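S.K.: Provided herewith: protein-v1.cif, mmCIF, C-alpha atoms and all ligand atoms.
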data_entry
loop_
_atom_site.label_atom_id
_atom_site.label_comp_id
_atom_site.auth_asym_id
_atom_site.auth_seq_id
_atom_site.Cartn_x
_atom_site.Cartn_y
_atom_site.Cartn_z
CA MET A 1 155.24 22.95 -39.99
CA ARG A 2 158.06 20.99 -38.39
CA PRO A 3 157.40 21.06 -34.66
CA LEU A 4 160.41 23.04 -33.50
CA VAL A 5 160.39 26.67 -32.44
CA ALA A 6 162.47 29.02 -30.33
CA THR A 7 160.06 31.13 -28.30
CA ILE A 8 161.67 34.36 -27.11
CA ASP A 9 160.22 36.10 -24.07
CA LEU A 10 161.14 39.75 -24.61
CA SER A 11 159.69 40.81 -21.26
CA ALA A 12 162.25 38.50 -19.62
CA ILE A 13 165.03 40.33 -21.47
CA ARG A 14 163.66 43.69 -20.27
CA HIS A 15 163.51 42.31 -16.72
CA ASN A 16 167.12 41.10 -16.96
CA TYR A 17 168.35 44.43 -18.37
CA LEU A 18 166.73 46.29 -15.49
CA LEU A 19 168.23 43.80 -13.05
CA ALA A 20 171.70 44.52 -14.48
CA LYS A 21 171.10 48.24 -14.01
CA ALA A 22 169.81 47.70 -10.48
CA CYS A 23 173.14 46.04 -9.60
CA ALA A 24 174.86 49.36 -10.30
CA PRO A 25 172.55 52.29 -9.67
CA GLU A 26 173.39 55.51 -11.53
CA ARG A 27 175.50 53.69 -14.11
CA LEU A 28 174.65 53.31 -17.77
CA ALA A 29 174.43 49.97 -19.53
CA PHE A 30 175.09 48.80 -23.05
CA ALA A 31 172.88 45.83 -23.89
CA VAL A 32 175.18 43.39 -25.68
CA VAL A 33 173.36 42.26 -28.83
CA LYS A 34 176.24 40.81 -30.84
CA ALA A 35 175.71 37.51 -32.67
CA ASN A 36 172.04 38.19 -33.35
CA ALA A 37 171.52 38.99 -29.66
CA TYR A 38 173.07 35.67 -28.63
CA GLY A 39 170.65 33.94 -31.00
CA HIS A 40 167.51 35.72 -29.77
CA GLY A 41 167.02 38.02 -32.77
CA ALA A 42 168.81 41.38 -32.66
CA ARG A 43 165.97 43.36 -34.23
CA GLU A 44 163.37 42.21 -31.77
CA VAL A 45 165.67 42.49 -28.77
CA VAL A 46 166.72 46.02 -29.71
CA SER A 47 163.09 47.01 -30.31
CA ALA A 48 162.12 45.54 -26.94
CA LEU A 49 164.68 47.72 -25.13
CA PRO A 50 163.74 51.28 -26.12
CA GLU A 51 165.00 52.48 -22.75
CA ALA A 52 168.46 50.96 -23.15
CA ASP A 53 171.33 53.43 -22.85
CA GLY A 54 173.17 51.76 -25.68
CA PHE A 55 173.95 48.58 -27.54
CA ILE A 56 177.10 46.61 -28.24
CA VAL A 57 177.77 44.80 -31.50
CA ALA A 58 180.73 42.91 -32.91
CA CYS A 59 180.74 44.13 -36.52
CA LEU A 60 179.55 46.91 -38.81
CA GLU A 61 176.73 44.83 -40.30
CA GLU A 62 175.28 44.34 -36.83
CA ALA A 63 175.78 48.03 -36.06
CA GLY A 64 173.82 49.06 -39.14
CA GLU A 65 170.94 46.86 -38.13
CA VAL A 66 170.80 48.36 -34.65
CA ARG A 67 171.14 51.94 -35.87
CA ALA A 68 168.21 51.43 -38.27
CA LEU A 69 166.00 50.59 -35.29
CA HIS A 70 167.39 53.06 -32.81
CA GLY A 71 168.26 56.49 -34.15
CA LYS A 72 169.75 57.85 -30.95
CA ALA A 73 171.16 55.08 -28.76
CA ARG A 74 174.90 54.68 -28.42
CA VAL A 75 176.03 51.74 -30.53
CA LEU A 76 179.51 50.45 -29.73
CA LEU A 77 181.52 48.49 -32.25
CA LEU A 78 183.55 46.03 -30.15
CA GLN A 79 186.42 45.03 -32.41
CA GLY A 80 186.65 48.40 -34.11
CA CYS A 81 187.22 49.14 -37.79
CA PHE A 82 189.29 46.91 -40.06
CA GLU A 83 189.69 49.24 -43.04
CA ALA A 84 190.02 53.00 -43.33
CA LYS A 85 186.68 53.29 -45.13
CA GLU A 86 184.93 51.64 -42.21
CA TYR A 87 185.63 54.76 -40.15
CA LEU A 88 183.58 56.74 -42.67
CA MET A 89 180.72 54.30 -42.29
CA ALA A 90 181.08 54.36 -38.51
CA ALA A 91 180.85 58.16 -38.59
CA GLN A 92 177.82 58.01 -40.86
CA LEU A 93 176.12 55.61 -38.43
CA ALA A 94 177.26 57.72 -35.45
CA LEU A 95 178.86 54.70 -33.79
CA ASP A 96 181.14 54.47 -30.81
CA VAL A 97 184.24 52.56 -31.90
CA VAL A 98 186.79 50.53 -30.01
CA VAL A 99 190.39 51.22 -30.99
CA GLN A 100 192.33 48.13 -30.03
CA SER A 101 195.53 48.22 -32.09
CA ARG A 102 198.17 50.55 -33.47
CA GLU A 103 196.87 49.88 -36.99
CA GLN A 104 193.38 51.00 -36.01
CA ALA A 105 194.63 54.09 -34.20
CA GLU A 106 196.75 55.14 -37.18
CA ALA A 107 193.91 54.56 -39.65
CA LEU A 108 191.65 56.70 -37.48
CA LEU A 109 194.18 59.54 -37.35
CA GLY A 110 194.55 59.28 -41.11
CA SER A 111 190.86 59.61 -41.87
CA THR A 112 188.79 62.63 -42.69
CA LEU A 113 185.41 62.23 -41.03
CA ASN A 114 182.28 64.31 -41.38
CA ARG A 115 181.88 64.10 -37.63
CA PRO A 116 184.16 62.98 -34.81
CA LEU A 117 183.66 59.55 -33.24
CA ASN A 118 183.37 58.46 -29.64
CA VAL A 119 186.47 56.31 -29.22
CA TRP A 120 186.97 53.55 -26.66
CA LEU A 121 190.66 52.84 -26.20
CA LYS A 122 191.01 49.17 -25.38
CA LEU A 123 193.38 48.28 -22.57
CA ASP A 124 194.91 44.80 -22.57
CA SER A 125 194.72 44.40 -18.80
CA GLY A 126 195.64 40.72 -18.90
CA MET A 127 193.39 38.82 -21.25
CA HIS A 128 195.94 39.21 -24.05
CA ARG A 129 193.51 39.04 -26.91
CA LEU A 130 193.06 42.69 -27.93
CA GLY A 131 194.18 46.09 -26.80
CA PHE A 132 197.17 48.15 -25.74
CA ALA A 133 199.48 47.55 -22.81
CA ALA A 134 199.09 50.26 -20.16
CA GLU A 135 202.17 52.29 -21.17
CA GLU A 136 201.33 52.06 -24.85
CA LEU A 137 197.81 53.19 -24.08
CA ARG A 138 199.12 56.28 -22.33
CA ALA A 139 200.96 57.25 -25.48
CA TRP A 140 197.85 56.78 -27.63
CA HIS A 141 195.77 58.70 -25.11
CA ALA A 142 198.06 61.67 -25.60
CA ARG A 143 197.81 61.47 -29.40
CA LEU A 144 194.07 60.81 -29.62
CA ALA A 145 192.91 63.27 -26.95
CA ALA A 146 193.79 66.15 -29.24
CA ALA A 147 192.72 64.55 -32.52
CA GLU A 148 189.97 66.12 -34.60
CA GLN A 149 188.57 62.64 -35.38
CA VAL A 150 187.84 62.00 -31.71
CA ALA A 151 184.80 63.23 -29.77
CA GLU A 152 184.72 61.40 -26.42
CA LEU A 153 187.85 59.51 -25.44
CA ASN A 154 186.92 56.51 -23.28
CA LEU A 155 188.62 53.52 -21.66
CA ILE A 156 187.48 49.92 -22.04
CA SER A 157 188.90 46.57 -20.96
CA HIS A 158 187.61 43.03 -20.49
CA PHE A 159 187.96 40.37 -17.78
CA ALA A 160 189.24 36.90 -18.63
CA CYS A 161 187.97 35.17 -15.47
CA ALA A 162 185.09 37.22 -14.10
CA ASP A 163 183.04 34.00 -13.99
CA GLN A 164 185.47 32.79 -11.30
CA PRO A 165 185.28 35.63 -8.78
CA GLU A 166 188.16 34.21 -6.70
CA HIS A 167 190.57 33.96 -9.61
CA PRO A 168 193.70 36.08 -8.95
CA LEU A 169 193.67 37.47 -12.50
CA ASN A 170 190.58 39.54 -11.64
CA ARG A 171 192.53 41.57 -9.10
CA ILE A 172 195.51 41.93 -11.45
CA GLN A 173 193.27 43.18 -14.27
CA LEU A 174 191.40 45.61 -12.02
CA ASP A 175 194.72 46.99 -10.69
CA CYS A 176 196.00 47.40 -14.25
CA TYR A 177 192.79 49.24 -15.18
CA ARG A 178 193.05 51.49 -12.14
CA SER A 179 196.69 52.27 -12.88
CA LEU A 180 195.28 54.56 -15.59
CA ASP A 181 193.04 56.50 -13.17
CA ASP A 182 195.21 59.58 -13.62
CA LEU A 183 194.38 59.82 -17.35
CA ALA A 184 191.38 61.93 -18.30
CA PHE A 185 188.70 59.80 -19.93
CA ASP A 186 185.11 60.78 -20.58
CA CYS A 187 183.78 57.29 -19.71
CA ARG A 188 185.11 54.01 -18.44
CA SER A 189 183.78 50.48 -18.95
CA LEU A 190 184.97 47.13 -17.65
CA ALA A 191 182.16 44.90 -16.37
CA ASN A 192 180.56 42.03 -18.28
CA SER A 193 177.66 40.09 -16.72
CA ALA A 194 179.79 38.18 -14.22
CA ALA A 195 181.51 41.35 -13.01
CA ILE A 196 178.20 43.22 -12.84
CA LEU A 197 176.90 40.52 -10.51
CA THR A 198 179.99 40.12 -8.30
CA ARG A 199 182.41 43.07 -8.53
CA PRO A 200 180.92 46.48 -7.74
CA GLY A 201 184.47 47.85 -7.80
CA ALA A 202 184.57 47.13 -11.54
CA HIS A 203 181.26 48.75 -12.50
CA MET A 204 182.78 52.06 -13.72
CA ASP A 205 180.47 54.26 -15.87
CA TRP A 206 179.10 51.81 -18.45
CA LEU A 207 178.10 48.19 -17.79
CA ARG A 208 178.20 45.61 -20.56
CA PRO A 209 175.64 42.91 -19.74
CA GLY A 210 175.44 40.13 -22.30
CA ILE A 211 174.55 36.63 -21.20
CA MET A 212 172.55 37.81 -18.19
CA LEU A 213 170.14 39.67 -20.49
CA TYR A 214 169.18 36.34 -21.96
CA GLY A 215 168.56 34.73 -18.58
CA ALA A 216 171.53 32.39 -18.53
CA SER A 217 174.20 32.38 -15.84
CA PRO A 218 177.79 33.44 -16.45
CA PHE A 219 178.83 31.14 -13.59
CA ALA A 220 179.22 27.36 -13.77
CA ASP A 221 178.08 26.95 -10.17
CA ARG A 222 175.32 29.54 -9.76
CA PRO A 223 172.01 28.90 -11.48
CA ALA A 224 170.44 31.83 -13.31
CA ALA A 225 167.23 31.62 -11.24
CA GLU A 226 169.25 32.09 -8.04
CA LEU A 227 170.61 35.33 -9.55
CA GLY A 228 167.06 36.57 -10.22
CA LEU A 229 167.37 36.14 -14.00
CA LYS A 230 164.51 35.00 -16.21
CA PRO A 231 165.22 32.66 -19.13
CA ALA A 232 164.44 34.33 -22.45
CA MET A 233 164.61 31.49 -24.97
CA THR A 234 162.62 28.28 -24.84
CA LEU A 235 163.56 25.80 -27.54
CA GLY A 236 160.59 23.50 -27.82
CA GLY A 237 158.79 21.10 -30.03
CA SER A 238 156.92 17.85 -29.78
CA LEU A 239 157.44 14.13 -30.19
CA ILE A 240 157.17 13.13 -33.85
CA ALA A 241 157.45 9.35 -33.31
CA VAL A 242 157.34 6.83 -30.48
CA ARG A 243 158.38 3.15 -30.61
CA GLU A 244 159.26 0.17 -28.45
CA VAL A 245 162.83 -1.02 -28.81
CA PRO A 246 163.64 -4.49 -27.48
CA ALA A 247 166.50 -5.11 -25.08
CA GLY A 248 169.77 -5.49 -26.95
CA ASP A 249 168.74 -3.33 -29.91
CA SER A 250 170.54 -0.07 -30.61
CA VAL A 251 169.20 3.40 -31.37
CA GLY A 252 170.60 5.88 -33.86
CA TYR A 253 173.79 6.34 -35.90
CA GLY A 254 176.72 4.17 -35.05
CA ALA A 255 174.50 1.99 -32.85
CA SER A 256 176.26 3.71 -29.98
CA TRP A 257 173.40 3.32 -27.50
CA VAL A 258 171.99 -0.12 -26.78
CA ALA A 259 168.78 -0.70 -24.83
CA ALA A 260 169.50 -2.59 -21.61
CA ARG A 261 165.79 -3.47 -21.32
CA PRO A 262 162.75 -3.01 -23.51
CA THR A 263 162.58 0.77 -23.92
CA ARG A 264 160.07 3.27 -25.31
CA ILE A 265 161.97 5.64 -27.51
CA GLY A 266 160.68 9.07 -28.49
CA THR A 267 161.96 10.95 -31.54
CA ILE A 268 162.17 14.76 -31.48
CA SER A 269 162.51 16.97 -34.51
CA CYS A 270 165.62 18.83 -33.43
CA GLY A 271 169.20 18.04 -34.43
CA TYR A 272 172.63 19.51 -34.82
CA ALA A 273 171.56 21.45 -37.93
CA ASP A 274 169.21 23.32 -35.58
CA GLY A 275 172.05 24.03 -33.19
CA TYR A 276 171.51 21.22 -30.71
CA PRO A 277 175.06 19.99 -30.03
CA ARG A 278 176.04 16.68 -31.60
CA SER A 279 178.39 16.26 -28.64
CA ALA A 280 175.43 15.86 -26.25
CA PRO A 281 176.02 12.55 -24.47
CA ALA A 282 173.42 9.96 -23.52
CA GLY A 283 171.75 11.19 -20.34
CA THR A 284 171.57 14.86 -21.36
CA PRO A 285 168.23 16.05 -19.94
CA VAL A 286 165.23 16.78 -22.17
CA LEU A 287 161.73 17.65 -20.95
CA VAL A 288 158.80 15.63 -22.27
CA CYS A 289 155.36 16.47 -20.87
CA GLY A 290 157.20 18.61 -18.34
CA GLN A 291 159.25 15.67 -17.06
CA ARG A 292 162.93 15.02 -17.43
CA VAL A 293 163.98 12.19 -19.66
CA PRO A 294 167.48 11.24 -20.84
CA LEU A 295 168.71 11.71 -24.37
CA VAL A 296 169.83 8.38 -25.86
CA GLY A 297 171.74 7.61 -29.03
CA ARG A 298 173.63 10.10 -31.19
CA VAL A 299 172.11 13.45 -32.05
CA SER A 300 171.61 13.45 -35.82
CA MET A 301 171.25 16.37 -38.21
CA ASP A 302 167.50 16.87 -37.88
CA MET A 303 166.44 14.65 -34.98
CA LEU A 304 167.33 13.32 -31.59
CA THR A 305 165.98 10.47 -29.49
CA VAL A 306 165.05 10.11 -25.82
CA ASP A 307 164.17 7.30 -23.43
CA LEU A 308 160.48 7.75 -22.48
CA SER A 309 160.44 5.15 -19.69
CA ALA A 310 159.75 7.81 -17.04
CA VAL A 311 156.77 9.26 -18.96
CA PRO A 312 154.35 6.48 -19.93
CA GLU A 313 151.71 8.99 -21.06
CA ALA A 314 154.02 10.45 -23.71
CA GLN A 315 152.82 9.99 -27.29
CA VAL A 316 153.24 11.52 -30.71
CA GLY A 317 152.48 15.22 -30.32
CA SER A 318 153.47 15.40 -26.64
CA PRO A 319 155.25 18.66 -25.79
CA VAL A 320 159.04 18.77 -25.60
CA GLU A 321 161.42 21.37 -24.20
CA LEU A 322 165.09 21.11 -25.19
CA TRP A 323 165.93 24.04 -22.88
CA GLY A 324 164.27 27.20 -21.60
CA ALA A 325 161.64 28.17 -19.06
CA GLN A 326 161.57 24.81 -17.29
CA LEU A 327 164.96 23.34 -18.16
CA PRO A 328 167.82 25.83 -17.73
CA VAL A 329 170.01 26.09 -20.83
CA ASP A 330 173.01 26.09 -18.48
CA GLU A 331 172.13 22.61 -17.31
CA VAL A 332 171.97 21.25 -20.84
CA ALA A 333 175.21 23.07 -21.65
CA GLY A 334 176.88 21.54 -18.59
CA ALA A 335 175.87 18.05 -19.70
CA CYS A 336 177.37 18.78 -23.13
CA GLY A 337 180.65 20.21 -21.82
CA THR A 338 179.92 23.73 -23.01
CA ILE A 339 178.27 26.95 -21.81
CA GLY A 340 174.84 28.48 -22.29
CA TYR A 341 176.37 31.21 -24.47
CA GLU A 342 177.29 28.65 -27.11
CA LEU A 343 173.96 26.80 -27.18
CA LEU A 344 171.95 30.03 -27.41
CA SER A 345 174.06 31.73 -30.06
CA LYS A 346 174.25 28.61 -32.22
CA VAL A 347 170.52 28.05 -32.71
CA THR A 348 170.47 28.14 -36.50
CA ALA A 349 168.40 30.25 -38.88
CA ARG A 350 166.30 27.18 -39.73
CA VAL A 351 164.62 27.35 -36.33
CA PRO A 352 161.72 29.82 -36.41
CA ARG A 353 161.84 32.42 -33.63
CA ARG A 354 158.54 33.45 -32.13
CA HIS A 355 158.80 36.61 -30.09
CA ARG A 356 156.46 37.28 -27.18
CA TYR A 357 156.05 40.82 -25.90
C1 LIG B 1 180.55 39.62 -25.27
C2 LIG B 1 181.19 40.68 -24.46
C3 LIG B 1 180.56 41.17 -23.30
C4 LIG B 1 179.36 40.53 -22.68
O1 LIG B 1 179.81 39.43 -21.91
P1 LIG B 1 178.80 38.53 -21.06
O2 LIG B 1 179.68 37.56 -20.36
O3 LIG B 1 177.92 37.87 -22.07
O4 LIG B 1 178.07 39.44 -20.17
C5 LIG B 1 181.13 42.28 -22.67
N1 LIG B 1 182.27 42.83 -23.13
C6 LIG B 1 182.93 42.35 -24.22
C7 LIG B 1 184.19 43.00 -24.65
C8 LIG B 1 182.43 41.25 -24.90
O5 LIG B 1 183.08 40.77 -25.95
#
Kindly return the structure encoded in the file as structure tokens.

M.R.:
Amino acid sequence: MRPLVATIDLSAIRHNYLLAKACAPERLAFAVVKANAYGHGAREVVSALPEADGFIVACLEEAGEVRALHGKARVLLLQGCFEAKEYLMAAQLALDVVVQSREQAEALLGSTLNRPLNVWLKLDSGMHRLGFAAEELRAWHARLAAAEQVAELNLISHFACADQPEHPLNRIQLDCYRSLDDLAFDCRSLANSAAILTRPGAHMDWLRPGIMLYGASPFADRPAAELGLKPAMTLGGSLIAVREVPAGDSVGYGASWVAARPTRIGTISCGYADGYPRSAPAGTPVLVCGQRVPLVGRVSMDMLTVDLSAVPEAQVGSPVELWGAQLPVDEVAGACGTIGYELLSKVTARVPRRHRY
């Protein structure tokens, strides 16, 4: 077998879910498992959280997968239904659905369902991606509250800048949300991971922790460990080749990196077709034998190369960690100009996941 595996620590995910709930005692929490649980394997993550109050998915396919594992949990469909017949499927799967546009609201009112749905009216409180403006939402509240297709009528919105707690948009969005306090809703939900960790005033009834479940930080400047989170995914492998490269010789495609001195180069069986970003610059940290070494040369499709100068004992077969328990994914993401969310969710299907309970 190619020496590359994503080891998923499910007990870390349970720990992180309970930590999210401990931030907001008495509230309920949807575990966000969209995008294959941010790359961690939705089936295993859902199975590892039997005590979760609910789950959040981005599409019907994901919802079906979760419902098959969890007969009772609330399963919320984030972007809602895109065709009238999807409401029938949502009813069959007993989903909670977001209604984020006039088209969706009208299609819901036009459908005949075998059971009413829990509906989450989406407020566009300032992110301007989905949802109704506050006044529009009032009008839909009036129409949907009495509709036979609707069981619970709930309110949901989303922060654009919760990862920057001082950003003025947070206050504007919270004020917009609160301007609807006079409307009768069964449940309210606003907080993603960053807001769970920093804005108790936004906790409402249902939390929506995503990235924190997986042990990465929503903040650029606060490491996950400092927040009490445990990393869930370790992407690891081993060295598959080691060589000496003389000063002046280049390594990899485009000969973009040139050895300034004689350098021991290690080759690792992980590339951009595994989800490791091709944009990773020279110097991006990689762990070899538990020590940090810099990536050198371009990341290729199936391999990448590192400078082993700092680890003379490294040899073919030596253990490698691309990110995880000892090297925070957020640090690698920072070096690559992206965020942990992207690295985790882009680990491709080619990489075997090994789940630990
Ligand atoms: C993905 C998502 C979340 C989870 O966000 P994190 O930053 O990962 O905690 C919550 N709410 C909505 C609407 C989302 O799309």

S.K.: Find the spatial neighbours of stretch 73-75 of chain A, counting only C-alpha atoms, within a cut-off of 8 Å - ignore same-chain residues fewer than 5 positions away - and output them as a ChimeraX atom specification.

M.R.: /A:30,52-57,63,66-67,94-96

S.K.: Could you please extract the residues within 9 Å of ligand LIG 1 (chain B), counting all atoms listed in the file, and hand them back as a VMD selection string?

M.R.: chain A and resid 30 to 34 38 56 to 58 78 to 79 156 to 159 162 to 163 189 to 196 207 to 214 217 to 218 341

S.K.: In terms of the shortest atom-to-atom distance over only C-alpha atoms, which of A:Cys81, A:Trp120, A:Val258, A:Leu130 is closest to A:Leu108?

M.R.: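 Ranking A:Cys81, A:Trp120, A:Val258, A:Leu130 by distance to A:Leu108, first place goes to A:Cys81.
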
S.K.: Just the residues within 10 Å of A:Val150, please, counting only C-alpha atoms, with nothing from its chain fewer than 6 positions along; format it as JSON, numbers by chain.

M.R.: {"A": [108, 109, 113, 115, 116, 117, 118, 119, 120, 144]}

S.K.: Near A:Val299, within 8 Å and counting all atoms listed in the file, which residues show up once chain neighbours fewer than 4 positions away are dropped, as a list of chain:residue names?

M.R.: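 Here the answer would be A:Gly252, A:Gly271, A:Tyr272, A:Tyr276, A:Pro277, A:Arg278, A:Ser279, A:Ala280, A:Met303, A:Leu304, A:Thr305.
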
S.K.: Pick from A:Val288, A:Ala225, A:Ala160, A:Ala105: nearest to A:Met127, with only C-alpha atoms counted?

M.R.: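 Ranked by minimum distance to A:Met127, first place goes to A:Ala160.
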
S.K.: Using all atoms listed in the file, determine which residues lie at most 10 Å from A:Val311, disregarding the query and same-chain residues fewer than 6 positions distant; provide the list as a ChimeraX atom specification.

M.R.: /A:264,287-293

S.K.: Show me a table, sorted first by chain and then by increasing residue number, of the residues of stretch 258-321 of chain A having an atom at most 7 Å from stretch 228-245 of chain A, each with its shortest atom pair and the distance in Å to one decimal, counting only C-alpha atoms and written as a Markdown table.

M.R.:
| residue | atom | partner | partner_atom | distance |
| --- | --- | --- | --- | --- |
| A:Pro262 | CA | A:Val245 | CA | 5.7 |
| A:Thr263 | CA | A:Val245 | CA | 5.2 |
| A:Arg264 | CA | A:Glu244 | CA | 4.5 |
| A:Ile265 | CA | A:Arg243 | CA | 5.4 |
| A:Gly266 | CA | A:Val242 | CA | 4.5 |
| A:Thr267 | CA | A:Ala241 | CA | 5.1 |
| A:Ile268 | CA | A:Leu239 | CA | 4.9 |
| A:Ser269 | CA | A:Ile240 | CA | 6.6 |
| A:Gln315 | CA | A:Val242 | CA | 6.4 |
| A:Val316 | CA | A:Leu239 | CA | 5.0 |
| A:Gly317 | CA | A:Leu239 | CA | 5.1 |
| A:Ser318 | CA | A:Ser238 | CA | 5.3 |
| A:Pro319 | CA | A:Ser238 | CA | 4.4 |
| A:Val320 | CA | A:Ser238 | CA | 4.8 |
| A:Glu321 | CA | A:Gly236 | CA | 4.3 |

S.K.: Would you list the contacts of A:Glu106 as a VMD selection string, taking every protein, DNA or RNA residue within 12 Å and counting all atoms listed in the file, but skipping same-chain residues closer than 5 positions in sequence?

M.R.: chain A and resid 81 to 84 87 99 to 101 111 140 143 to 144 147 149
